[in-house]
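Asks: To be precise about what I am sending: the file is called entry.json and holds JSON, C-alpha atoms (C1' of nucleotides).
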```json
[["chain", "number", "residue", "atom", "x", "y", "z"],
["A", 1, "MET", "CA", 175.92, 73.31, 106.83],
["A", 2, "ARG", "CA", 172.89, 75.55, 106.64],
["A", 3, "ILE", "CA", 174.45, 78.22, 104.47],
["A", 4, "ASN", "CA", 171.51, 80.57, 104.06],
["A", 5, "GLU", "CA", 170.75, 80.45, 107.76],
["A", 6, "VAL", "CA", 174.38, 81.06, 108.67],
["A", 7, "PHE", "CA", 174.68, 84.15, 106.48],
["A", 8, "LYS", "CA", 171.33, 85.52, 107.60],
["A", 9, "ALA", "CA", 172.35, 84.97, 111.20],
["A", 10, "LEU", "CA", 175.64, 86.80, 110.67],
["A", 11, "ALA", "CA", 173.96, 89.73, 108.93],
["A", 12, "ASP", "CA", 172.79, 91.21, 112.24],
["A", 13, "PRO", "CA", 175.22, 93.17, 114.45],
["A", 14, "THR", "CA", 173.54, 92.11, 117.68],
["A", 15, "ARG", "CA", 173.96, 88.46, 116.75],
["A", 16, "ARG", "CA", 177.58, 88.97, 115.75],
["A", 17, "GLU", "CA", 178.13, 90.60, 119.12],
["A", 18, "VAL", "CA", 176.61, 87.58, 120.84],
["A", 19, "LEU", "CA", 179.03, 85.33, 118.98],
["A", 20, "GLN", "CA", 181.93, 87.52, 120.04],
["A", 21, "LEU", "CA", 180.77, 87.46, 123.65],
["A", 22, "LEU", "CA", 180.71, 83.67, 123.42],
["A", 23, "ARG", "CA", 184.29, 83.42, 122.16],
["A", 24, "GLY", "CA", 185.51, 83.42, 125.77],
["A", 25, "GLY", "CA", 183.23, 80.56, 126.79],
["A", 26, "GLU", "CA", 179.61, 79.91, 127.58],
["A", 27, "ARG", "CA", 177.33, 82.60, 129.00],
["A", 28, "THR", "CA", 173.77, 82.65, 130.29],
["A", 29, "ALA", "CA", 170.99, 84.26, 128.29],
["A", 30, "GLY", "CA", 170.77, 86.94, 130.96],
["A", 31, "GLU", "CA", 174.47, 87.78, 130.84],
["A", 32, "LEU", "CA", 174.36, 88.06, 127.07],
["A", 33, "THR", "CA", 171.27, 90.26, 127.23],
["A", 34, "GLU", "CA", 172.95, 92.57, 129.75],
["A", 35, "ARG", "CA", 176.18, 92.83, 127.81],
["A", 36, "VAL", "CA", 175.07, 93.54, 124.26],
["A", 37, "SER", "CA", 175.86, 97.16, 123.55],
["A", 38, "LYS", "CA", 172.48, 98.04, 122.07],
["A", 39, "ARG", "CA", 169.67, 97.75, 124.62],
["A", 40, "VAL", "CA", 167.39, 94.95, 123.48],
["A", 41, "SER", "CA", 164.48, 93.31, 125.31],
["A", 42, "LYS", "CA", 164.76, 89.75, 126.60],
["A", 43, "PRO", "CA", 162.25, 88.39, 124.07],
["A", 44, "SER", "CA", 164.20, 89.97, 121.23],
["A", 45, "MET", "CA", 167.35, 88.34, 122.51],
["A", 46, "THR", "CA", 165.56, 85.00, 122.70],
["A", 47, "HIS", "CA", 164.65, 85.49, 119.06],
["A", 48, "HIS", "CA", 168.30, 86.18, 118.16],
["A", 49, "PHE", "CA", 169.41, 83.08, 120.07],
["A", 50, "GLN", "CA", 166.89, 81.09, 118.05],
["A", 51, "VAL", "CA", 168.24, 82.42, 114.76],
["A", 52, "LEU", "CA", 171.78, 81.52, 115.85],
["A", 53, "LYS", "CA", 170.63, 78.04, 116.87],
["A", 54, "ASP", "CA", 168.82, 77.53, 113.56],
["A", 55, "ALA", "CA", 172.14, 78.30, 111.88],
["A", 56, "ASP", "CA", 173.88, 75.79, 114.17],
["A", 57, "LEU", "CA", 176.18, 78.55, 115.32],
["A", 58, "ILE", "CA", 175.41, 78.11, 119.01],
["A", 59, "CYS", "CA", 174.08, 75.44, 121.33],
["A", 60, "GLN", "CA", 172.07, 75.57, 124.50],
["A", 61, "ARG", "CA", 172.14, 73.93, 127.92],
["A", 62, "ARG", "CA", 169.88, 74.50, 130.89],
["A", 63, "GLU", "CA", 171.23, 74.52, 134.43],
["A", 64, "GLY", "CA", 168.56, 75.24, 136.99],
["A", 65, "GLN", "CA", 166.89, 78.52, 136.16],
["A", 66, "GLN", "CA", 169.62, 79.60, 133.80],
["A", 67, "VAL", "CA", 170.13, 78.73, 130.18],
["A", 68, "TYR", "CA", 173.72, 78.66, 129.01],
["A", 69, "TYR", "CA", 174.66, 79.33, 125.42],
["A", 70, "ALA", "CA", 177.96, 78.36, 123.79],
["A", 71, "LEU", "CA", 179.65, 78.62, 120.40],
["A", 72, "ASN", "CA", 179.48, 75.70, 118.02],
["A", 73, "THR", "CA", 183.13, 76.18, 117.15],
["A", 74, "SER", "CA", 183.16, 73.48, 114.48],
["A", 75, "VAL", "CA", 181.36, 75.85, 112.15],
["A", 76, "VAL", "CA", 184.27, 78.26, 111.78],
["A", 77, "GLU", "CA", 186.36, 76.10, 109.44],
["A", 78, "ASP", "CA", 183.26, 75.36, 107.38],
["A", 79, "MET", "CA", 182.54, 79.06, 107.06],
["A", 80, "VAL", "CA", 186.06, 80.06, 106.12],
["A", 81, "SER", "CA", 186.40, 77.37, 103.47],
["A", 82, "LEU", "CA", 182.97, 78.21, 102.14],
["A", 83, "ILE", "CA", 183.80, 81.88, 101.72],
["A", 84, "TRP", "CA", 187.11, 80.86, 100.20],
["A", 85, "GLY", "CA", 185.41, 78.57, 97.71],
["A", 86, "LEU", "CA", 182.83, 81.18, 96.88],
["A", 87, "PHE", "CA", 185.43, 83.56, 95.52],
["A", 88, "SER", "CA", 188.47, 81.53, 94.57],
["A", 89, "ASP", "CA", 188.65, 79.93, 91.18],
["A", 90, "GLY", "CA", 191.55, 77.51, 91.44],
["A", 91, "ARG", "CA", 194.33, 79.97, 90.59],
["A", 92, "THR", "CA", 194.02, 81.48, 94.04],
["A", 93, "ASN", "CA", 196.97, 80.29, 96.13],
["A", 94, "GLY", "CA", 196.57, 80.73, 99.88],
["A", 95, "GLU", "CA", 198.85, 83.76, 100.08],
["A", 96, "SER", "CA", 197.14, 85.24, 103.09],
["A", 97, "GLN", "CA", 197.33, 83.41, 106.37],
["A", 98, "PRO", "CA", 194.73, 84.68, 108.87],
["B", 1, "MET", "CA", 183.95, 96.83, 104.71],
["B", 2, "ARG", "CA", 180.18, 96.96, 104.75],
["B", 3, "ILE", "CA", 179.71, 93.92, 106.94],
["B", 4, "ASN", "CA", 175.93, 93.86, 107.21],
["B", 5, "GLU", "CA", 175.53, 94.38, 103.49],
["B", 6, "VAL", "CA", 178.06, 91.67, 102.69],
["B", 7, "PHE", "CA", 176.35, 89.05, 104.84],
["B", 8, "LYS", "CA", 172.89, 89.99, 103.60],
["B", 9, "ALA", "CA", 174.16, 89.77, 100.05],
["B", 10, "LEU", "CA", 175.64, 86.33, 100.68],
["B", 11, "ALA", "CA", 172.45, 85.06, 102.33],
["B", 12, "ASP", "CA", 170.75, 84.56, 98.97],
["B", 13, "PRO", "CA", 171.54, 81.48, 96.84],
["B", 14, "THR", "CA", 171.00, 83.29, 93.55],
["B", 15, "ARG", "CA", 173.53, 85.94, 94.55],
["B", 16, "ARG", "CA", 176.05, 83.33, 95.69],
["B", 17, "GLU", "CA", 175.61, 81.65, 92.33],
["B", 18, "VAL", "CA", 176.32, 84.93, 90.56],
["B", 19, "LEU", "CA", 179.54, 85.26, 92.55],
["B", 20, "GLN", "CA", 180.53, 81.72, 91.61],
["B", 21, "LEU", "CA", 179.79, 82.42, 87.94],
["B", 22, "LEU", "CA", 182.06, 85.45, 88.20],
["B", 23, "ARG", "CA", 184.98, 83.48, 89.64],
["B", 24, "GLY", "CA", 186.10, 82.65, 86.10],
["B", 25, "GLY", "CA", 186.08, 86.28, 85.02],
["B", 26, "GLU", "CA", 183.65, 89.00, 84.07],
["B", 27, "ARG", "CA", 180.27, 88.24, 82.54],
["B", 28, "THR", "CA", 177.48, 90.35, 81.09],
["B", 29, "ALA", "CA", 174.21, 90.84, 82.93],
["B", 30, "GLY", "CA", 172.50, 88.80, 80.24],
["B", 31, "GLU", "CA", 174.90, 85.87, 80.52],
["B", 32, "LEU", "CA", 174.48, 85.80, 84.26],
["B", 33, "THR", "CA", 170.70, 85.97, 83.96],
["B", 34, "GLU", "CA", 170.71, 83.07, 81.50],
["B", 35, "ARG", "CA", 173.00, 80.91, 83.58],
["B", 36, "VAL", "CA", 171.56, 81.12, 87.06],
["B", 37, "SER", "CA", 169.94, 77.80, 87.77],
["B", 38, "LYS", "CA", 166.69, 79.21, 89.13],
["B", 39, "ARG", "CA", 164.73, 81.10, 86.49],
["B", 40, "VAL", "CA", 164.57, 84.75, 87.54],
["B", 41, "SER", "CA", 163.34, 87.79, 85.58],
["B", 42, "LYS", "CA", 165.80, 90.37, 84.32],
["B", 43, "PRO", "CA", 164.59, 93.05, 86.73],
["B", 44, "SER", "CA", 165.04, 90.67, 89.65],
["B", 45, "MET", "CA", 168.57, 90.01, 88.51],
["B", 46, "THR", "CA", 169.22, 93.74, 88.30],
["B", 47, "HIS", "CA", 168.05, 93.93, 91.89],
["B", 48, "HIS", "CA", 170.49, 91.20, 92.91],
["B", 49, "PHE", "CA", 173.34, 92.95, 91.08],
["B", 50, "GLN", "CA", 172.49, 96.10, 92.98],
["B", 51, "VAL", "CA", 172.62, 94.28, 96.32],
["B", 52, "LEU", "CA", 176.00, 92.81, 95.41],
["B", 53, "LYS", "CA", 177.28, 96.24, 94.36],
["B", 54, "ASP", "CA", 176.04, 97.82, 97.60],
["B", 55, "ALA", "CA", 178.10, 95.20, 99.41],
["B", 56, "ASP", "CA", 181.13, 96.06, 97.24],
["B", 57, "LEU", "CA", 181.29, 92.45, 96.14],
["B", 58, "ILE", "CA", 181.09, 93.20, 92.45],
["B", 59, "CYS", "CA", 181.77, 96.07, 90.10],
["B", 60, "GLN", "CA", 180.23, 97.13, 86.84],
["B", 61, "ARG", "CA", 181.43, 98.32, 83.44],
["B", 62, "ARG", "CA", 179.43, 99.17, 80.36],
["B", 63, "GLU", "CA", 180.64, 98.25, 76.89],
["B", 64, "GLY", "CA", 178.23, 99.26, 74.20],
["B", 65, "GLN", "CA", 174.87, 97.67, 74.88],
["B", 66, "GLN", "CA", 176.26, 95.22, 77.39],
["B", 67, "VAL", "CA", 177.01, 95.71, 81.04],
["B", 68, "TYR", "CA", 179.84, 93.56, 82.37],
["B", 69, "TYR", "CA", 180.02, 92.55, 86.01],
["B", 70, "ALA", "CA", 183.14, 91.33, 87.79],
["B", 71, "LEU", "CA", 184.16, 90.17, 91.24],
["B", 72, "ASN", "CA", 185.71, 92.62, 93.64],
["B", 73, "THR", "CA", 188.26, 90.03, 94.67],
["B", 74, "SER", "CA", 189.83, 92.18, 97.35],
["B", 75, "VAL", "CA", 186.89, 91.44, 99.59],
["B", 76, "VAL", "CA", 187.71, 87.75, 100.05],
["B", 77, "GLU", "CA", 190.60, 88.22, 102.49],
["B", 78, "ASP", "CA", 188.53, 90.71, 104.45],
["B", 79, "MET", "CA", 185.67, 88.24, 104.68],
["B", 80, "VAL", "CA", 187.83, 85.32, 105.74],
["B", 81, "SER", "CA", 189.64, 87.26, 108.43],
["B", 82, "LEU", "CA", 186.38, 88.72, 109.62],
["B", 83, "ILE", "CA", 184.78, 85.31, 110.03],
["B", 84, "TRP", "CA", 187.94, 84.08, 111.67],
["B", 85, "GLY", "CA", 187.95, 86.98, 114.13],
["B", 86, "LEU", "CA", 184.29, 86.50, 114.83],
["B", 87, "PHE", "CA", 184.84, 83.05, 116.26],
["B", 88, "SER", "CA", 188.46, 82.75, 117.29],
["B", 89, "ASP", "CA", 189.48, 83.76, 120.73],
["B", 90, "GLY", "CA", 193.27, 83.85, 120.52],
["B", 91, "ARG", "CA", 193.80, 80.23, 121.44],
["B", 92, "THR", "CA", 192.67, 79.18, 117.97],
["B", 93, "ASN", "CA", 195.76, 78.16, 115.98],
["B", 94, "GLY", "CA", 195.21, 77.80, 112.24],
["B", 95, "GLU", "CA", 195.06, 74.01, 112.25],
["B", 96, "SER", "CA", 192.90, 73.76, 109.18],
["B", 97, "GLN", "CA", 194.29, 74.68, 105.78],
["B", 98, "PRO", "CA", 191.55, 75.29, 103.19],
["C", 1, "DC", "C1'", 151.67, 76.57, 147.93],
["C", 2, "DC", "C1'", 153.13, 81.16, 146.87],
["C", 3, "DT", "C1'", 156.67, 84.34, 145.34],
["C", 4, "DT", "C1'", 160.62, 85.57, 142.89],
["C", 5, "DT", "C1'", 163.77, 85.17, 139.17],
["C", 6, "DA", "C1'", 165.04, 83.44, 134.44],
["C", 7, "DA", "C1'", 163.69, 82.72, 130.11],
["C", 8, "DT", "C1'", 160.41, 81.64, 126.36],
["C", 9, "DT", "C1'", 156.04, 82.00, 123.75],
["C", 10, "DA", "C1'", 152.31, 84.73, 121.64],
["C", 11, "DG", "C1'", 150.72, 88.41, 119.13],
["C", 12, "DA", "C1'", 151.14, 92.88, 116.97],
["C", 13, "DC", "C1'", 153.44, 96.29, 114.18],
["C", 14, "DA", "C1'", 156.84, 98.88, 111.14],
["C", 15, "DG", "C1'", 160.20, 98.19, 107.92],
["C", 16, "DT", "C1'", 162.61, 95.30, 104.53],
["C", 17, "DT", "C1'", 163.14, 91.82, 100.87],
["C", 18, "DA", "C1'", 162.36, 89.16, 96.66],
["C", 19, "DC", "C1'", 159.66, 88.69, 93.16],
["C", 20, "DC", "C1'", 156.76, 89.97, 89.21],
["C", 21, "DT", "C1'", 154.91, 92.95, 85.03],
["C", 22, "DA", "C1'", 154.97, 97.20, 82.58],
["C", 23, "DA", "C1'", 157.32, 101.04, 81.16],
["C", 24, "DC", "C1'", 161.50, 103.35, 80.35],
["C", 25, "DT", "C1'", 166.60, 104.44, 78.93],
["C", 26, "DA", "C1'", 170.65, 103.40, 76.32],
["C", 27, "DT", "C1'", 173.08, 101.71, 72.47],
["C", 28, "DC", "C1'", 173.65, 99.81, 67.98],
["C", 29, "DT", "C1'", 172.52, 99.23, 63.09],
["C", 30, "DA", "C1'", 170.05, 99.57, 58.97],
["D", 1, "DT", "C1'", 165.45, 108.20, 62.47],
["D", 2, "DA", "C1'", 163.10, 103.73, 63.21],
["D", 3, "DG", "C1'", 163.57, 99.14, 65.03],
["D", 4, "DA", "C1'", 165.87, 95.78, 67.74],
["D", 5, "DT", "C1'", 168.45, 94.41, 71.74],
["D", 6, "DA", "C1'", 170.32, 94.98, 76.62],
["D", 7, "DG", "C1'", 169.47, 96.50, 80.85],
["D", 8, "DT", "C1'", 167.27, 99.51, 84.53],
["D", 9, "DT", "C1'", 163.49, 101.91, 86.93],
["D", 10, "DA", "C1'", 158.75, 102.06, 88.81],
["D", 11, "DG", "C1'", 155.27, 100.22, 91.26],
["D", 12, "DG", "C1'", 152.86, 96.60, 93.53],
["D", 13, "DT", "C1'", 152.42, 92.36, 96.48],
["D", 14, "DA", "C1'", 153.39, 88.47, 99.59],
["D", 15, "DA", "C1'", 156.52, 86.91, 102.85],
["D", 16, "DC", "C1'", 160.03, 87.75, 106.22],
["D", 17, "DT", "C1'", 162.62, 90.42, 110.06],
["D", 18, "DG", "C1'", 163.44, 92.90, 114.22],
["D", 19, "DT", "C1'", 161.28, 94.94, 117.70],
["D", 20, "DC", "C1'", 158.10, 95.56, 121.49],
["D", 21, "DT", "C1'", 154.55, 94.39, 125.50],
["D", 22, "DA", "C1'", 151.87, 90.97, 127.82],
["D", 23, "DA", "C1'", 151.29, 86.42, 129.14],
["D", 24, "DT", "C1'", 153.31, 81.89, 130.07],
["D", 25, "DT", "C1'", 156.49, 78.17, 131.56],
["D", 26, "DA", "C1'", 160.41, 76.53, 134.55],
["D", 27, "DA", "C1'", 162.95, 76.24, 138.62],
["D", 28, "DA", "C1'", 164.33, 77.65, 143.38],
["D", 29, "DG", "C1'", 163.31, 78.93, 148.05],
["D", 30, "DG", "C1'", 160.82, 80.09, 151.64]]
```
As C-alpha cells, how would this structure be written, given the file I've shared?

Replies:
Amino acid sequence: MRINEVFKALADPTRREVLQLLRGGERTAGELTERVSKRVSKPSMTHHFQVLKDADLICQRREGQQVYYALNTSVVEDMVSLIWGLFSDGRTNGESQP
Amino acid sequence: MRINEVFKALADPTRREVLQLLRGGERTAGELTERVSKRVSKPSMTHHFQVLKDADLICQRREGQQVYYALNTSVVEDMVSLIWGLFSDGRTNGESQP
DNA sequence: CCTTTAATTAGACAGTTACCTAACTATCTA
DNA sequence: TAGATAGTTAGGTAACTGTCTAATTAAAGG
C-alpha cells in the first residue's frame, strides 16, 4: 500500500467527499464534479481524481465520452489495520467494534 | 476531531515513526530525535511534534530540562471509525478482524 | 467533416510544507 | 551567577499543493 499517498489523499475534504460519493457505486467525473459541495473547476477535480488514483483509492473506466470512477474497496481493511498498528502496542485488545 | 490535521500529520513517515516510538510509552524529545531512522535536526523534530500536537495526536509535559511526549490514545478509535465510515456504505459487514 | 459534450493536459500563481542554520529560552548544577 | 544541556523560535529556501484559465484530446451525432 502506498501509505504516504493514501494519507495525503485523505487530507483533503474535497477528496474525502469524492470517496463518500463513490460509496454508493461508480459515478462519472461530471457527476462527481457537480455534486461536490464546494464549487471546484473540472481541471481541479481531474487533479483530485489523479491524487486518489495515485493512492490506489479509486479506479477509472471509460465508457464512450464519460469516464467512470469507482472505489477500490480493498484498501479499507488495509487502512484500518494500518491505523490500528500505528497506535496499538500489543496490549490493545479490540474492545471497540466499528 | 481535526480530520485534515490528523491526515496531514500521518502523511509524513517521520511523524508516523514518532507515533510508533510512542506506542511503548512516553519519550523525551531528545530520545525521539535520536531514534528516528532518518537523521533530522532538532528544530525539524520540534516542527513535527508541533504538527502532531495540532492534530491532537500527542501531548506534552515538561519535567525539568526534558520535555516528554506521549500518545493521545483516544484518537485511535476515532480514526478507525472515520476511515471505516469513509468507505463503508452500510452493506459492509465487519468481515475482517485486525 | 464540423460541432457539441466530456474530460484531461499545460501553464501560471498563491499558499503551504519540510528542511536547514543561527539565535534564543529554560532548567539544572557547580 | 556562569556554564552546560534540552528544546524552541526565527528566518530563509526549495519543493509541493490546490486552484484557476486556456488549450487539447476523445467520442458521438448530425

Asks: Give me, as a short mmCIF file (atom, residue, chain, number, x, y, z; two decimals) with C-alpha atoms (C1' of nucleotides), in the coordinates of the input, the residues of chain D touching chain B, with the criterion being at most 12 Å (counting all atoms listed in the file).

Replies:
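Written out: result34.cif:
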```
data_model
loop_
_atom_site.label_atom_id
_atom_site.label_comp_id
_atom_site.auth_asym_id
_atom_site.auth_seq_id
_atom_site.Cartn_x
_atom_site.Cartn_y
_atom_site.Cartn_z
"C1'" DA D 4 165.87 95.78 67.74
"C1'" DT D 5 168.45 94.41 71.74
"C1'" DA D 6 170.32 94.98 76.62
"C1'" DG D 7 169.47 96.50 80.85
"C1'" DT D 8 167.27 99.51 84.53
"C1'" DT D 9 163.49 101.91 86.93
"C1'" DA D 10 158.75 102.06 88.81
#
```

Asks: Pick out the residues sitting within 8 Å of range 12-25 of chain D, and hand them over as a list in words; count all atoms listed in the file, and ignore anything fewer than 5 positions along from it in its own chain.

Replies: Ser41 and Ser44 of chain A; DT8, DT9, DA10, DT16 and DT17 of chain C

Asks: Between CA of Ala55 in chain A and CA of Asn4 in chain A, what distance in Å does the model show, to one decimal?

Replies: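 Rounded to one decimal, the two atoms are 8.2 Å apart.
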
Asks: Using Å and a single decimal, report how far C1' of DA18 in chain C sits from CA of Leu82 in chain B.

Replies: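 That distance, rounded to one decimal, is 27.3 Å.
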
Asks: Could you superpose chain B on chain A by least squares over every Cα, matched in sequence order, and send it back as a JSON list (two decimals) with C-alpha atoms, keeping the file's coordinate frame?

Replies:
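Printed below is superposed-v4.json as written:
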```json
[["chain", "number", "residue", "atom", "x", "y", "z"],
["B", 1, "MET", "CA", 175.77, 73.29, 106.81],
["B", 2, "ARG", "CA", 172.74, 75.53, 106.63],
["B", 3, "ILE", "CA", 174.34, 78.18, 104.47],
["B", 4, "ASN", "CA", 171.43, 80.57, 104.06],
["B", 5, "GLU", "CA", 170.65, 80.46, 107.75],
["B", 6, "VAL", "CA", 174.29, 81.02, 108.68],
["B", 7, "PHE", "CA", 174.66, 84.11, 106.51],
["B", 8, "LYS", "CA", 171.32, 85.54, 107.61],
["B", 9, "ALA", "CA", 172.31, 84.96, 111.21],
["B", 10, "LEU", "CA", 175.63, 86.73, 110.68],
["B", 11, "ALA", "CA", 173.99, 89.69, 108.93],
["B", 12, "ASP", "CA", 172.84, 91.17, 112.24],
["B", 13, "PRO", "CA", 175.29, 93.12, 114.44],
["B", 14, "THR", "CA", 173.61, 92.08, 117.68],
["B", 15, "ARG", "CA", 173.99, 88.42, 116.73],
["B", 16, "ARG", "CA", 177.62, 88.88, 115.73],
["B", 17, "GLU", "CA", 178.19, 90.51, 119.09],
["B", 18, "VAL", "CA", 176.64, 87.52, 120.84],
["B", 19, "LEU", "CA", 179.04, 85.24, 118.97],
["B", 20, "GLN", "CA", 181.97, 87.41, 120.00],
["B", 21, "LEU", "CA", 180.82, 87.36, 123.62],
["B", 22, "LEU", "CA", 180.72, 83.58, 123.40],
["B", 23, "ARG", "CA", 184.29, 83.29, 122.10],
["B", 24, "GLY", "CA", 185.54, 83.28, 125.70],
["B", 25, "GLY", "CA", 183.23, 80.46, 126.72],
["B", 26, "GLU", "CA", 179.60, 79.85, 127.54],
["B", 27, "ARG", "CA", 177.37, 82.57, 128.95],
["B", 28, "THR", "CA", 173.82, 82.66, 130.27],
["B", 29, "ALA", "CA", 171.03, 84.29, 128.30],
["B", 30, "GLY", "CA", 170.85, 86.98, 130.95],
["B", 31, "GLU", "CA", 174.56, 87.78, 130.81],
["B", 32, "LEU", "CA", 174.42, 88.06, 127.05],
["B", 33, "THR", "CA", 171.35, 90.27, 127.21],
["B", 34, "GLU", "CA", 173.06, 92.57, 129.71],
["B", 35, "ARG", "CA", 176.27, 92.81, 127.75],
["B", 36, "VAL", "CA", 175.15, 93.50, 124.22],
["B", 37, "SER", "CA", 175.97, 97.10, 123.50],
["B", 38, "LYS", "CA", 172.60, 98.00, 122.00],
["B", 39, "ARG", "CA", 169.80, 97.77, 124.53],
["B", 40, "VAL", "CA", 167.44, 95.00, 123.42],
["B", 41, "SER", "CA", 164.52, 93.40, 125.29],
["B", 42, "LYS", "CA", 164.79, 89.87, 126.60],
["B", 43, "PRO", "CA", 162.27, 88.49, 124.11],
["B", 44, "SER", "CA", 164.21, 90.04, 121.24],
["B", 45, "MET", "CA", 167.34, 88.38, 122.52],
["B", 46, "THR", "CA", 165.53, 85.06, 122.70],
["B", 47, "HIS", "CA", 164.63, 85.59, 119.07],
["B", 48, "HIS", "CA", 168.28, 86.20, 118.18],
["B", 49, "PHE", "CA", 169.35, 83.08, 120.09],
["B", 50, "GLN", "CA", 166.80, 81.12, 118.11],
["B", 51, "VAL", "CA", 168.16, 82.43, 114.81],
["B", 52, "LEU", "CA", 171.69, 81.49, 115.87],
["B", 53, "LYS", "CA", 170.52, 78.02, 116.91],
["B", 54, "ASP", "CA", 168.69, 77.51, 113.60],
["B", 55, "ALA", "CA", 172.00, 78.27, 111.91],
["B", 56, "ASP", "CA", 173.75, 75.74, 114.18],
["B", 57, "LEU", "CA", 176.08, 78.48, 115.34],
["B", 58, "ILE", "CA", 175.31, 78.06, 119.01],
["B", 59, "CYS", "CA", 173.97, 75.41, 121.34],
["B", 60, "GLN", "CA", 171.98, 75.58, 124.52],
["B", 61, "ARG", "CA", 172.05, 73.94, 127.95],
["B", 62, "ARG", "CA", 169.84, 74.55, 130.94],
["B", 63, "GLU", "CA", 171.23, 74.56, 134.46],
["B", 64, "GLY", "CA", 168.61, 75.30, 137.05],
["B", 65, "GLN", "CA", 166.99, 78.62, 136.26],
["B", 66, "GLN", "CA", 169.70, 79.65, 133.84],
["B", 67, "VAL", "CA", 170.12, 78.76, 130.22],
["B", 68, "TYR", "CA", 173.72, 78.67, 129.03],
["B", 69, "TYR", "CA", 174.63, 79.30, 125.41],
["B", 70, "ALA", "CA", 177.90, 78.30, 123.77],
["B", 71, "LEU", "CA", 179.55, 78.54, 120.38],
["B", 72, "ASN", "CA", 179.34, 75.63, 118.00],
["B", 73, "THR", "CA", 182.98, 76.06, 117.10],
["B", 74, "SER", "CA", 182.98, 73.37, 114.45],
["B", 75, "VAL", "CA", 181.22, 75.75, 112.11],
["B", 76, "VAL", "CA", 184.17, 78.13, 111.74],
["B", 77, "GLU", "CA", 186.24, 75.94, 109.40],
["B", 78, "ASP", "CA", 183.15, 75.25, 107.33],
["B", 79, "MET", "CA", 182.45, 78.96, 107.03],
["B", 80, "VAL", "CA", 186.00, 79.89, 106.10],
["B", 81, "SER", "CA", 186.31, 77.22, 103.45],
["B", 82, "LEU", "CA", 182.90, 78.08, 102.11],
["B", 83, "ILE", "CA", 183.78, 81.74, 101.70],
["B", 84, "TRP", "CA", 187.08, 80.73, 100.19],
["B", 85, "GLY", "CA", 185.38, 78.42, 97.69],
["B", 86, "LEU", "CA", 182.84, 81.06, 96.86],
["B", 87, "PHE", "CA", 185.47, 83.41, 95.51],
["B", 88, "SER", "CA", 188.53, 81.38, 94.62],
["B", 89, "ASP", "CA", 188.83, 79.92, 91.20],
["B", 90, "GLY", "CA", 191.73, 77.49, 91.55],
["B", 91, "ARG", "CA", 194.43, 79.99, 90.71],
["B", 92, "THR", "CA", 194.07, 81.55, 94.15],
["B", 93, "ASN", "CA", 197.04, 80.46, 96.27],
["B", 94, "GLY", "CA", 196.69, 81.12, 99.99],
["B", 95, "GLU", "CA", 198.93, 84.19, 100.03],
["B", 96, "SER", "CA", 197.28, 85.76, 103.02],
["B", 97, "GLN", "CA", 197.66, 84.21, 106.45],
["B", 98, "PRO", "CA", 195.04, 85.47, 108.93]]
```

Asks: Using only C-alpha atoms (C1' of nucleotides), determine which residues lie at most 10 Å from range 7-13 of chain B, disregarding the query and same-chain residues fewer than 6 positions distant; provide the list as a ChimeraX atom specification.

Replies: /A:3-12,83,86 /B:19,36-38,48-57,79 /C:18

Asks: Which of these residues is nearest to chain A, using only C-alpha atoms (C1' of nucleotides): C:DA12, C:DC20, C:DA7, C:DC1?

Replies: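 When distances to chain A are compared using only C-alpha atoms (C1' of nucleotides), the smallest one comes from C:DA7.
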
Asks: For chain C, which residue out of A:Leu21, A:Met1, A:Met45, A:Val40 is the nearest one, using all atoms listed in the file?

Replies: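 For chain C, the nearest of the given residues is A:Met45.
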
Asks: Within 10 Å of chain B, which residues of chain C show up when using all atoms listed in the file, listed as an NGL selection string?

Replies: :C and (18-21 or 26-28)

Asks: Go ahead and save the residues from that selection, with C-alpha atoms (C1' of nucleotides), as a CSV table (one decimal), keeping the file's coordinate frame.

Replies:
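Below is the file selection.csv, written as the result:
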```csv
chain,number,residue,atom,x,y,z
C,18,DA,C1',162.4,89.2,96.7
C,19,DC,C1',159.7,88.7,93.2
C,20,DC,C1',156.8,90.0,89.2
C,21,DT,C1',154.9,93.0,85.0
C,26,DA,C1',170.6,103.4,76.3
C,27,DT,C1',173.1,101.7,72.5
C,28,DC,C1',173.6,99.8,68.0
```

Asks: So how far away is CA of Val76 in chain A from CA of Arg23 in chain A, in Å?

Replies: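 Result for CA of Arg23 in chain A versus CA of Val76 in chain A: 11.6 Å, one decimal.
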